[in-house]
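Right, one structure below, let's go through it.
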Amino acid sequence: MSDAVTCKNLGKTFPGGVEAVSSVSLDVAHGEIYGFLGPNGAGKTTLISMLTTLLRPTRGSAEVEGIDVVRYPERVRRRIGLVFQRSTSDDALTGRENLEVLAGLHGLSPREARPRIREVLERLDLGEAADRRVSTYSGGMRRRLEIGAGIVHEPSLLFLDEPTLGLDPQGRAGFWEYVRDLRSRRGMTIFLTTHYLDEADQLSDRVSIIDHGRVLRTGSPVALKESLGRDVVLVRPSDPARDLRSLLAGLPGVSSVDPRAGDGEYRVKVARSESFVPAVVRACDAAGVELAGVATRKPSLDEVFLTVTGREYREESEANAPVPAGTTGTRGR
Amino acid sequence: MYREFLTVLRREALKWVRVPIWVASYFVVPILYLLLFGQAFDLGRLFPPGADGSVYVRAALLGAPNYFSYFAVGMVAFVTLTASLYSGTGILFDKQLGIHARMTATPAPRSALFAGSLTFRAFSAAWPAFLALGFALAFTGVPGLVGLSVRSSVSAVGAAEVVAAEALLALMFTALFLSFGYVLTSNEAYFGITSLLNLPILFTSNALFPQGTMPSWLQTVTAYNPASMAANVMRENLFPTSGYPYPPVVYLLGLLAWAALLVSLGLYLSARSLRVP
């Protein structure tokens, strides 16, 4: 049986020579939650647009549920759901009417659609607001309705493009719970793009880190973090000009010492931060070095990103990702 | 495909009834034109009854009993054009709000998306025209107002020809302006194009002015204008005498050709705009 998603050297260059996705190869297994992590402008939306048949790749190939996305886009659309980065609901209609329209466009009869819509609205906690116009909905309600729009026809594979953009922490936690529930109850495969590190970490079985249109590393969040092999301790002397490299490198359990340019801080990779911290404090004291601070970090996807790209991860929005085909304007971005 | 078509049709209808001022404008605009423009601008009144000029005007009206009656039937074309002018704005706004992208992410046939919008918008452009005719007829019973005078009985075939002419006119104008909604991305460009087309379509037709009073080059253009063809079909069927060179069926065939051309163009342009880039 084929994978839910298979890409081979998939790439997209827009007219004018802008290369949004360079060459992506990946496989997503059935029932997997697959996270695609990268900063804005990394190529995530372009990739998802190609997989959901909204953009035509300029090179490579992709199959979704075993169906070629270029040759049989309509068949692919029948099998997948898509949650857009921004709200695509019609403000003039009620939440229920919006879902009825989408069910109808997926070819469902009103009789088939009615119970599904009722269930989706209840699950998304929109039951009471179902017959209110969407123009009266809060941001969180709109996002939930957007998810409903993606699943009302019960797809086997759901694509989520930055689904929690603009949600507060409570809304995001509720959303994560719902996504896990979709997988556990319906066996749905989830393909998720996000620029939130914690979202990729918490939700995904596997994560691909993408930057500048290239996949840099793929693995489970645990495996990616373990691949770093070490805890990180940040040591900051009071005097930024003081060179601590040899002192730190000589302490037990240290695998690397990385002075960070400009701020006088040292990133020290150690086997166990718990035993290293007392040792570094004692050693500095003995050497007459006054410390401004010592901080420990367990391996995180942030560290993984730093390791594979050579730069720190930025979560702030740059809002320069390509927009899905056929859309213009800026609402909700 | 019919289910997706009906879904688009229903969505269009729901959006339409949710904006009362939009619905009200369809009722009020024809009344205002008939009441203000139509009552004030009567070419026949420029001359005393029985004077040569008045006779000349009567002759130019090709069988219409008075200018208001001529104008009221011409209003059908005018109202249809006005009502269809903004057909493409819904598509344009859907594109800007991401709704269009959501719809194209579904497996619905692209032709169903176009046909659903076209059908509802054409229907909503057609019925105010009949409303205008109804109001003009009702004016005959209002003291101080000139009303529409029609022959005492209209045959079933004649009535069917009137309905067919109006349906074809609404269909072709709606298809034309809907196409602009698919092709364009800027509101300013859309309104610029509709402003450019609106008056030339109206003033190169005989909807408001008799063709015989126009310079010969304009008469040639007017003869091929679908608004003129629709008005001709209606005037030939509604007025007791007719001075038109061809029977209504000839004009209907002309309208059919126009409708086929513009609907095909709309289908082509919408399919092109919905194609995966």
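A note on labels: chains of the structure tokens are A, B, ... as shown, every chain counts residues from 1, and ligands are counted from 1 in their shown order.
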Can you check which parts of chain B lie within 9 Å of chain A? Per residue, the shortest pair of atoms and distance in Å to one decimal, counting only C-alpha atoms, sorted by chain and number, as JSON lines.
```
{"residue": "B:Met1", "atom": "CA", "partner": "A:Gly107", "partner_atom": "CA", "distance": 7.8}
{"residue": "B:Tyr2", "atom": "CA", "partner": "A:Gly107", "partner_atom": "CA", "distance": 9.0}
{"residue": "B:Arg3", "atom": "CA", "partner": "A:Gly107", "partner_atom": "CA", "distance": 6.1}
{"residue": "B:Glu4", "atom": "CA", "partner": "A:Leu105", "partner_atom": "CA", "distance": 4.8}
{"residue": "B:Phe5", "atom": "CA", "partner": "A:Leu105", "partner_atom": "CA", "distance": 8.3}
{"residue": "B:Leu6", "atom": "CA", "partner": "A:Gly104", "partner_atom": "CA", "distance": 8.2}
{"residue": "B:Thr7", "atom": "CA", "partner": "A:Gly104", "partner_atom": "CA", "distance": 5.6}
{"residue": "B:Val8", "atom": "CA", "partner": "A:Val101", "partner_atom": "CA", "distance": 7.4}
{"residue": "B:Arg10", "atom": "CA", "partner": "A:Val101", "partner_atom": "CA", "distance": 8.3}
{"residue": "B:Arg11", "atom": "CA", "partner": "A:Val101", "partner_atom": "CA", "distance": 6.9}
{"residue": "B:Leu14", "atom": "CA", "partner": "A:Leu93", "partner_atom": "CA", "distance": 7.3}
{"residue": "B:Lys15", "atom": "CA", "partner": "A:Ala92", "partner_atom": "CA", "distance": 6.2}
{"residue": "B:Arg18", "atom": "CA", "partner": "A:Ala92", "partner_atom": "CA", "distance": 6.9}
{"residue": "B:Val19", "atom": "CA", "partner": "A:Ala92", "partner_atom": "CA", "distance": 8.7}
{"residue": "B:Asp94", "atom": "CA", "partner": "A:Asp90", "partner_atom": "CA", "distance": 8.4}
{"residue": "B:Lys95", "atom": "CA", "partner": "A:Thr327", "partner_atom": "CA", "distance": 5.1}
{"residue": "B:Gln96", "atom": "CA", "partner": "A:Thr328", "partner_atom": "CA", "distance": 4.7}
{"residue": "B:Leu97", "atom": "CA", "partner": "A:Thr88", "partner_atom": "CA", "distance": 6.5}
{"residue": "B:Gly98", "atom": "CA", "partner": "A:Thr88", "partner_atom": "CA", "distance": 4.9}
{"residue": "B:Ile99", "atom": "CA", "partner": "A:Thr88", "partner_atom": "CA", "distance": 4.8}
{"residue": "B:His100", "atom": "CA", "partner": "A:Gly326", "partner_atom": "CA", "distance": 6.8}
{"residue": "B:Ala101", "atom": "CA", "partner": "A:Gly326", "partner_atom": "CA", "distance": 5.5}
{"residue": "B:Arg102", "atom": "CA", "partner": "A:Thr88", "partner_atom": "CA", "distance": 6.2}
{"residue": "B:Met103", "atom": "CA", "partner": "A:Leu105", "partner_atom": "CA", "distance": 7.4}
{"residue": "B:Thr104", "atom": "CA", "partner": "A:Leu54", "partner_atom": "CA", "distance": 7.8}
{"residue": "B:Ala105", "atom": "CA", "partner": "A:Arg77", "partner_atom": "CA", "distance": 6.6}
{"residue": "B:Thr106", "atom": "CA", "partner": "A:Arg77", "partner_atom": "CA", "distance": 5.7}
{"residue": "B:Pro107", "atom": "CA", "partner": "A:Glu74", "partner_atom": "CA", "distance": 5.1}
{"residue": "B:Ala108", "atom": "CA", "partner": "A:Leu105", "partner_atom": "CA", "distance": 5.2}
{"residue": "B:Pro109", "atom": "CA", "partner": "A:Glu74", "partner_atom": "CA", "distance": 8.5}
{"residue": "B:Leu113", "atom": "CA", "partner": "A:Leu105", "partner_atom": "CA", "distance": 8.9}
{"residue": "B:Thr185", "atom": "CA", "partner": "A:Thr328", "partner_atom": "CA", "distance": 7.6}
{"residue": "B:Ser273", "atom": "CA", "partner": "A:Gly326", "partner_atom": "CA", "distance": 7.9}
{"residue": "B:Leu274", "atom": "CA", "partner": "A:Gly326", "partner_atom": "CA", "distance": 7.3}
{"residue": "B:Arg275", "atom": "CA", "partner": "A:Leu54", "partner_atom": "CA", "distance": 8.8}
{"residue": "B:Val276", "atom": "CA", "partner": "A:Leu55", "partner_atom": "CA", "distance": 5.5}
{"residue": "B:Pro277", "atom": "CA", "partner": "A:Leu55", "partner_atom": "CA", "distance": 5.4}
```
Distance query Met75 of chain B at most 9 Å, only C-alpha atoms, self and fewer than 5 positions along chain excluded, as a PDB file with C-alpha atoms, in the first residue's frame:
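Ended up saving to selection_30.pdb:
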```pdb
ATOM      1  CA  PRO B  30     -36.709  51.030 -12.413  1.00  0.00           C
ATOM      2  CA  TYR B  33     -36.189  55.932 -14.085  1.00  0.00           C
ATOM      3  CA  LEU B  34     -39.787  55.521 -15.251  1.00  0.00           C
ATOM      4  CA  TYR B  70     -41.280  53.318 -26.570  1.00  0.00           C
ATOM      5  CA  THR B  80     -31.024  44.410 -17.450  1.00  0.00           C
ATOM      6  CA  ALA B 129     -36.934  44.221 -16.284  1.00  0.00           C
ATOM      7  CA  ALA B 132     -40.226  47.778 -14.947  1.00  0.00           C
ATOM      8  CA  LEU B 133     -42.769  46.750 -17.586  1.00  0.00           C
ATOM      9  CA  ALA B 207     -33.447  51.323 -26.131  1.00  0.00           C
ATOM     10  CA  LEU B 208     -34.032  54.974 -25.340  1.00  0.00           C
ATOM     11  CA  ALA B 231     -36.130  45.867 -27.574  1.00  0.00           C
TER      12      ALA B 231
END
```
| message | Need to verify the contact set: Arg172 of chain A, 10 Å, only C-alpha atoms, exclusion of same-chain residues closer than 5 positions in sequence. Can you return it as number ranges by chain? | response | A: 140, 163-167, 177-178, 199
Mind checking which residues fall within 10 Å of Arg118 of chain A, counting only C-alpha atoms, ignoring those fewer than 2 positions away in the same chain, and posting them as a ChimeraX atom specification? /A:96,99,113-116,120-123,126-127,130,152
Here atom CA of Ser208 of chain A and atom CA of Ser2 of chain A stand apart by 19.9 Å
